[in-house]
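S.K.: Below you'll find the structure I mean.
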Amino acid sequence: MKNISVIGAGTMGNGIAHVFAQNGFKVTLIDISESALQRGLSTIEKNLDRLLAKEKITEAIKLTTLTNITTSTHLADGVRQADLVVEAATENQQVKLDLFKQIDQAAPAKAILASNTSSISITQIAAATQRPSQVIGMHFMNPVPIMQLIEVIRGYSTSDETTQVIMTLSQQLGKLPVEVNDYPGFVANRILMPMINEAIISLHEGVAGVEEIDTVMKLGMAHPMGPLQLADFIGLDVCLSILKVLESGFGNPKYAPCPLLTNMVTAGMLGTKSGEGFYTYTPGSKELTVSARFKK
């Protein structure tokens, strides 16, 4: 397995491309927008510079990593030589189903097709293709170059061979793969999202403020980041989408998103990506400031 195609040049996609390229794979980064591809490459270079400054990589590794990445705005051309395609597009079921139909038609018959989805059924995605045994989930964690976990999700039809290839490949990336079965939210988000939602409900009901809720979880539960800050980092729109998948998939109202979360997403308060969520974010500043909307 030498040629990797990554679909989507956003936060997750450029991180996935970075990790594969840094580990010697030839990567084609694909997006419909040339400007998105250039932003993705710029992010990869900045992240490599950070690793270089911390002496975790050499200048030669940085240059080789960048050389290993090519870009394409044409999906069919970008996956034509792929041994593995990793889809990292928006967390929207219909978008993913449409993408996998196209990938299935254009990629080599031997290629494995993986999705970085954080909640959408791999079995359902696989059913959109003619190769369900070769479809699998590779749920990377953000930031991809730093976080070690890959949640490897077996769909109902995913073969043992496909699973073993992806488990071994994940280890070659210096990651720790954990195999899980295909149920809504898998493991990571089935546990994480209800916790984040409950934190938002606690804020909504006036149990405590933003800083207080996050401080309790950081100091009392040894979490490196409080649930409200983490929600901002993930993206409140992504959190809302995952909770809707959980609620629909299990048919259980306990997964229903808090009305405050729904209102914030509707208003465009999405967290770090929009500059405001439960906290406000100023470019170039690392100071954590509670949004004026939630200050007492």
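A note on labels: chains of the structure tokens are A, B, ... as shown, every chain counts residues from 1, and ligands are counted from 1 in their shown order.
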Write out as a count of residues only the residues lying within 12 Å of Gln105 of chain A, counting only C-alpha atoms and excluding same-chain residues fewer than 6 positions away.

M.R.: 13

S.K.: Just list as a PyMOL selection string whatever in segment 193-260 of chain A DSSP marks as helix (DSSP H, G or I).

M.R.: chain A and resi 193-204+210-221+227-234+236-250+253-255+259-260

S.K.: Could you produce a table of the residues of segment 70-124 of chain A lying within 9 Å of segment 33-39 of chain A, with the nearest pair of atoms per residue and their separation in Å rounded to one decimal, using only C-alpha atoms, ordered by chain and increasing residue number, as CSV?

M.R.:
```
residue,atom,partner,partner_atom,distance
A:Thr71,CA,A:Leu37,CA,6.9
A:Ser72,CA,A:Glu34,CA,8.0
A:Thr73,CA,A:Ser33,CA,6.3
```

S.K.: Restricting the output to C-alpha atoms, write the selected residues as a PDB file, in the first residue's frame.

M.R.:
```
ATOM      1  CA  THR A  71      -3.404  17.960  -4.927  1.00  0.00           C
ATOM      2  CA  SER A  72      -6.419  17.563  -7.185  1.00  0.00           C
ATOM      3  CA  THR A  73      -9.803  19.219  -7.629  1.00  0.00           C
TER       4      THR A  73
END
```

S.K.: May I ask which of the residues A:Thr158, A:Thr266, A:Gln134, A:Thr272 is the closest one to Asp83 of chain A, counting only C-alpha atoms?

M.R.: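 Closest to Asp83 of chain A, using only C-alpha atoms: A:Gln134.
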
S.K.: Could I get the residues of segment 11-49 of chain A with an atom no further than 7 Å from an atom of segment 163-185 of chain A, each paired with its nearest atom pair and that distance in Å to one decimal, using only C-alpha atoms, sorted by chain and residue number, as CSV?

M.R.:
```
residue,atom,partner,partner_atom,distance
A:Val19,CA,A:Leu173,CA,6.8
A:Phe20,CA,A:Leu173,CA,6.7
A:Asn23,CA,A:Leu173,CA,6.1
```

S.K.: Could you save the residues just selected, with N, CA, C and O atoms, as a PDB file, in the first residue's frame?

M.R.:
```
ATOM      1  N   VAL A  19      -0.077  13.161   8.110  1.00  0.00           N
ATOM      2  CA  VAL A  19       0.443  11.982   8.809  1.00  0.00           C
ATOM      3  C   VAL A  19       0.883  10.897   7.824  1.00  0.00           C
ATOM      4  O   VAL A  19       1.949  10.282   7.985  1.00  0.00           O
ATOM      5  N   PHE A  20       0.076  10.659   6.804  1.00  0.00           N
ATOM      6  CA  PHE A  20       0.466   9.666   5.802  1.00  0.00           C
ATOM      7  C   PHE A  20       1.742  10.102   5.076  1.00  0.00           C
ATOM      8  O   PHE A  20       2.671   9.307   4.901  1.00  0.00           O
ATOM      9  N   ASN A  23       4.948   9.767   6.936  1.00  0.00           N
ATOM     10  CA  ASN A  23       5.370   8.373   7.122  1.00  0.00           C
ATOM     11  C   ASN A  23       5.690   7.667   5.806  1.00  0.00           C
ATOM     12  O   ASN A  23       5.697   6.438   5.739  1.00  0.00           O
TER      13      ASN A  23
END
```

S.K.: Expressed in Å to a single decimal, how great is the separation between atom CA of Ile196 of chain A and atom CA of Leu228 of chain A?

M.R.: 6.7 Å

S.K.: Mind the document's chain letters and residue numbers, and return as a list in words the residues of segment 81-215 of chain A that DSSP labels strand (DSSP E or B).

M.R.: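 Those residues are Leu84, Val85, Val86, Glu87, Ile112, Leu113, Ala114, Ser115, Val135, Ile136, Gly137, Met138, His139, Phe140, Leu149, Ile150, Glu151, Val152, Ile153, Arg154, Leu176, Pro177, Val178, Glu179, Val180 and Asn181 of chain A.
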
S.K.: From the options A:Pro257, A:Ile16, A:His74, A:Glu212, which residue's atoms come nearest to Phe294 of chain A, counting only C-alpha atoms?

M.R.: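 Closest to Phe294 of chain A of all the choices is A:Glu212.
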
S.K.: Write out as a PDB file with all heavy atoms, in the first residue's frame which residues come within 8 Å of segment 277-293 of chain A when counting only C-alpha atoms, dropping same-chain ones fewer than 4 positions away.

M.R.:
```pdb
ATOM      1  N   VAL A 210     -19.890  28.717  32.518  1.00  0.00           N
ATOM      2  CA  VAL A 210     -18.995  28.049  31.571  1.00  0.00           C
ATOM      3  C   VAL A 210     -17.689  27.642  32.234  1.00  0.00           C
ATOM      4  O   VAL A 210     -17.283  26.468  32.175  1.00  0.00           O
ATOM      5  CB  VAL A 210     -18.716  28.966  30.357  1.00  0.00           C
ATOM      6  CG1 VAL A 210     -17.614  28.377  29.481  1.00  0.00           C
ATOM      7  CG2 VAL A 210     -19.985  29.180  29.544  1.00  0.00           C
ATOM      8  N   GLU A 211     -17.008  28.598  32.855  1.00  0.00           N
ATOM      9  CA  GLU A 211     -15.715  28.299  33.488  1.00  0.00           C
ATOM     10  C   GLU A 211     -15.867  27.294  34.617  1.00  0.00           C
ATOM     11  O   GLU A 211     -15.015  26.411  34.788  1.00  0.00           O
ATOM     12  CB  GLU A 211     -15.074  29.577  34.014  1.00  0.00           C
ATOM     13  CG  GLU A 211     -14.410  30.426  32.943  1.00  0.00           C
ATOM     14  CD  GLU A 211     -13.673  31.602  33.534  1.00  0.00           C
ATOM     15  OE1 GLU A 211     -14.315  32.386  34.270  1.00  0.00           O
ATOM     16  OE2 GLU A 211     -12.461  31.739  33.280  1.00  0.00           O
ATOM     17  N   LEU A 228     -17.089  22.074  27.552  1.00  0.00           N
ATOM     18  CA  LEU A 228     -17.577  23.199  26.754  1.00  0.00           C
ATOM     19  C   LEU A 228     -16.472  23.734  25.842  1.00  0.00           C
ATOM     20  O   LEU A 228     -16.723  24.057  24.669  1.00  0.00           O
ATOM     21  CB  LEU A 228     -18.131  24.297  27.661  1.00  0.00           C
ATOM     22  CG  LEU A 228     -19.316  23.857  28.543  1.00  0.00           C
ATOM     23  CD1 LEU A 228     -19.737  24.967  29.478  1.00  0.00           C
ATOM     24  CD2 LEU A 228     -20.494  23.402  27.681  1.00  0.00           C
ATOM     25  N   GLN A 229     -15.249  23.807  26.356  1.00  0.00           N
ATOM     26  CA  GLN A 229     -14.125  24.191  25.509  1.00  0.00           C
ATOM     27  C   GLN A 229     -13.903  23.146  24.414  1.00  0.00           C
ATOM     28  O   GLN A 229     -13.630  23.481  23.257  1.00  0.00           O
ATOM     29  CB  GLN A 229     -12.854  24.352  26.348  1.00  0.00           C
ATOM     30  CG  GLN A 229     -11.665  24.855  25.525  1.00  0.00           C
ATOM     31  CD  GLN A 229     -10.361  24.862  26.302  1.00  0.00           C
ATOM     32  OE1 GLN A 229     -10.334  24.538  27.504  1.00  0.00           O
ATOM     33  NE2 GLN A 229      -9.275  25.212  25.641  1.00  0.00           N
ATOM     34  N   ASP A 232     -16.386  23.555  21.630  1.00  0.00           N
ATOM     35  CA  ASP A 232     -15.957  24.642  20.740  1.00  0.00           C
ATOM     36  C   ASP A 232     -14.877  24.161  19.779  1.00  0.00           C
ATOM     37  O   ASP A 232     -14.867  24.521  18.598  1.00  0.00           O
ATOM     38  CB  ASP A 232     -15.392  25.803  21.568  1.00  0.00           C
ATOM     39  CG  ASP A 232     -16.459  26.747  22.097  1.00  0.00           C
ATOM     40  OD1 ASP A 232     -17.649  26.553  21.789  1.00  0.00           O
ATOM     41  OD2 ASP A 232     -16.091  27.678  22.837  1.00  0.00           O
ATOM     42  N   LEU A 236     -19.449  23.232  17.243  1.00  0.00           N
ATOM     43  CA  LEU A 236     -20.777  22.975  17.802  1.00  0.00           C
ATOM     44  C   LEU A 236     -21.719  22.391  16.756  1.00  0.00           C
ATOM     45  O   LEU A 236     -22.624  21.621  17.088  1.00  0.00           O
ATOM     46  CB  LEU A 236     -21.367  24.271  18.387  1.00  0.00           C
ATOM     47  CG  LEU A 236     -20.540  24.938  19.493  1.00  0.00           C
ATOM     48  CD1 LEU A 236     -21.329  26.072  20.129  1.00  0.00           C
ATOM     49  CD2 LEU A 236     -20.098  23.940  20.555  1.00  0.00           C
ATOM     50  N   MET A 264     -27.472  27.954  19.274  1.00  0.00           N
ATOM     51  CA  MET A 264     -26.146  28.498  19.000  1.00  0.00           C
ATOM     52  C   MET A 264     -25.699  28.167  17.574  1.00  0.00           C
ATOM     53  O   MET A 264     -25.156  29.014  16.866  1.00  0.00           O
ATOM     54  CB  MET A 264     -25.131  27.975  20.026  1.00  0.00           C
ATOM     55  CG  MET A 264     -25.346  28.541  21.421  1.00  0.00           C
ATOM     56  SD  MET A 264     -24.213  27.818  22.654  1.00  0.00           S
ATOM     57  CE  MET A 264     -22.647  28.584  22.172  1.00  0.00           C
ATOM     58  N   MET A 269     -22.896  30.495  15.916  1.00  0.00           N
ATOM     59  CA  MET A 269     -21.870  30.420  16.965  1.00  0.00           C
ATOM     60  C   MET A 269     -21.366  28.972  17.026  1.00  0.00           C
ATOM     61  O   MET A 269     -21.932  28.136  17.726  1.00  0.00           O
ATOM     62  CB  MET A 269     -22.450  30.852  18.311  1.00  0.00           C
ATOM     63  CG  MET A 269     -22.870  32.312  18.354  1.00  0.00           C
ATOM     64  SD  MET A 269     -23.712  32.751  19.894  1.00  0.00           S
ATOM     65  CE  MET A 269     -22.434  32.398  21.113  1.00  0.00           C
ATOM     66  N   LEU A 270     -20.317  28.678  16.293  1.00  0.00           N
ATOM     67  CA  LEU A 270     -19.880  27.300  16.090  1.00  0.00           C
ATOM     68  C   LEU A 270     -18.627  26.930  16.870  1.00  0.00           C
ATOM     69  O   LEU A 270     -18.141  25.808  16.757  1.00  0.00           O
ATOM     70  CB  LEU A 270     -19.639  27.051  14.589  1.00  0.00           C
ATOM     71  CG  LEU A 270     -20.790  27.450  13.655  1.00  0.00           C
ATOM     72  CD1 LEU A 270     -20.421  27.142  12.208  1.00  0.00           C
ATOM     73  CD2 LEU A 270     -22.090  26.753  14.041  1.00  0.00           C
ATOM     74  N   GLY A 271     -18.093  27.854  17.650  1.00  0.00           N
ATOM     75  CA  GLY A 271     -16.859  27.563  18.388  1.00  0.00           C
ATOM     76  C   GLY A 271     -15.652  28.219  17.748  1.00  0.00           C
ATOM     77  O   GLY A 271     -15.750  29.304  17.175  1.00  0.00           O
ATOM     78  N   THR A 272     -14.518  27.540  17.816  1.00  0.00           N
ATOM     79  CA  THR A 272     -13.268  28.144  17.337  1.00  0.00           C
ATOM     80  C   THR A 272     -13.344  28.509  15.857  1.00  0.00           C
ATOM     81  O   THR A 272     -12.780  29.523  15.431  1.00  0.00           O
ATOM     82  CB  THR A 272     -12.072  27.188  17.558  1.00  0.00           C
ATOM     83  OG1 THR A 272     -12.339  25.935  16.916  1.00  0.00           O
ATOM     84  CG2 THR A 272     -11.834  26.944  19.034  1.00  0.00           C
TER      85      THR A 272
END
```

S.K.: Looking at A:Ala199, A:Ala106, A:Ala188, A:Ala60, which one is nearest to Ala231 of chain A, with distances taken over only C-alpha atoms?

M.R.: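 The closest residue to Ala231 of chain A is A:Ala199.
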
S.K.: Considering only C-alpha atoms, return as a PDB file with N, CA and C atoms, in the first residue's frame whatever protein or nucleic-acid residues lie within 12 Å of Gln94 of chain A, sequence-local ones (same chain, fewer than 2 positions apart) excluded.

M.R.:
```pdb
ATOM      1  N   ALA A  89     -14.749  14.346   4.404  1.00  0.00           N
ATOM      2  CA  ALA A  89     -15.625  15.456   4.018  1.00  0.00           C
ATOM      3  C   ALA A  89     -16.543  15.805   5.194  1.00  0.00           C
ATOM      4  N   THR A  90     -17.464  16.715   4.937  1.00  0.00           N
ATOM      5  CA  THR A  90     -18.369  17.173   5.987  1.00  0.00           C
ATOM      6  C   THR A  90     -19.183  16.025   6.577  1.00  0.00           C
ATOM      7  N   GLU A  91     -19.559  16.162   7.851  1.00  0.00           N
ATOM      8  CA  GLU A  91     -20.276  15.101   8.557  1.00  0.00           C
ATOM      9  C   GLU A  91     -21.759  15.146   8.206  1.00  0.00           C
ATOM     10  N   ASN A  92     -22.033  14.769   6.936  1.00  0.00           N
ATOM     11  CA  ASN A  92     -23.392  14.771   6.403  1.00  0.00           C
ATOM     12  C   ASN A  92     -23.611  13.451   5.682  1.00  0.00           C
ATOM     13  N   LYS A  96     -21.796  11.935   2.166  1.00  0.00           N
ATOM     14  CA  LYS A  96     -20.889  10.786   2.203  1.00  0.00           C
ATOM     15  C   LYS A  96     -21.372   9.658   1.284  1.00  0.00           C
ATOM     16  N   LEU A  97     -22.666   9.397   1.278  1.00  0.00           N
ATOM     17  CA  LEU A  97     -23.191   8.342   0.412  1.00  0.00           C
ATOM     18  C   LEU A  97     -22.935   8.670  -1.061  1.00  0.00           C
ATOM     19  N   ASP A  98     -23.157   9.915  -1.431  1.00  0.00           N
ATOM     20  CA  ASP A  98     -22.912  10.331  -2.816  1.00  0.00           C
ATOM     21  C   ASP A  98     -21.433  10.220  -3.162  1.00  0.00           C
ATOM     22  N   LEU A  99     -20.571  10.634  -2.224  1.00  0.00           N
ATOM     23  CA  LEU A  99     -19.128  10.555  -2.456  1.00  0.00           C
ATOM     24  C   LEU A  99     -18.667   9.116  -2.651  1.00  0.00           C
ATOM     25  N   PHE A 100     -19.162   8.220  -1.818  1.00  0.00           N
ATOM     26  CA  PHE A 100     -18.708   6.832  -1.899  1.00  0.00           C
ATOM     27  C   PHE A 100     -19.177   6.148  -3.178  1.00  0.00           C
ATOM     28  N   LYS A 101     -20.327   6.542  -3.684  1.00  0.00           N
ATOM     29  CA  LYS A 101     -20.753   6.019  -4.992  1.00  0.00           C
ATOM     30  C   LYS A 101     -19.762   6.426  -6.079  1.00  0.00           C
ATOM     31  N   ILE A 120     -21.503   8.404  11.552  1.00  0.00           N
ATOM     32  CA  ILE A 120     -22.399   7.853  10.530  1.00  0.00           C
ATOM     33  C   ILE A 120     -22.069   6.387  10.252  1.00  0.00           C
ATOM     34  N   SER A 121     -23.091   5.577  10.053  1.00  0.00           N
ATOM     35  CA  SER A 121     -22.950   4.131   9.908  1.00  0.00           C
ATOM     36  C   SER A 121     -22.047   3.737   8.747  1.00  0.00           C
ATOM     37  N   GLN A 124     -23.993   1.519   6.321  1.00  0.00           N
ATOM     38  CA  GLN A 124     -24.813   2.280   5.378  1.00  0.00           C
ATOM     39  C   GLN A 124     -23.952   2.873   4.261  1.00  0.00           C
ATOM     40  N   ILE A 125     -22.781   3.394   4.624  1.00  0.00           N
ATOM     41  CA  ILE A 125     -21.859   3.937   3.624  1.00  0.00           C
ATOM     42  C   ILE A 125     -21.425   2.828   2.668  1.00  0.00           C
ATOM     43  N   ALA A 128     -23.588   1.777  -0.261  1.00  0.00           N
ATOM     44  CA  ALA A 128     -23.623   2.654  -1.431  1.00  0.00           C
ATOM     45  C   ALA A 128     -22.593   2.239  -2.475  1.00  0.00           C
TER      46      ALA A 128
END
```

S.K.: Separation of atom CA of Ile4 of chain A and atom CA of Asn189 of chain A, in Å?

M.R.: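 Between atom CA of Ile4 of chain A and atom CA of Asn189 of chain A the gap is 26.1 Å.
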
S.K.: Between A:Ser202, A:Thr28, A:Ser159, A:Asn116, which is the closest to Phe140 of chain A once you count only C-alpha atoms?

M.R.: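 For Phe140 of chain A, the nearest of the given residues is A:Asn116.
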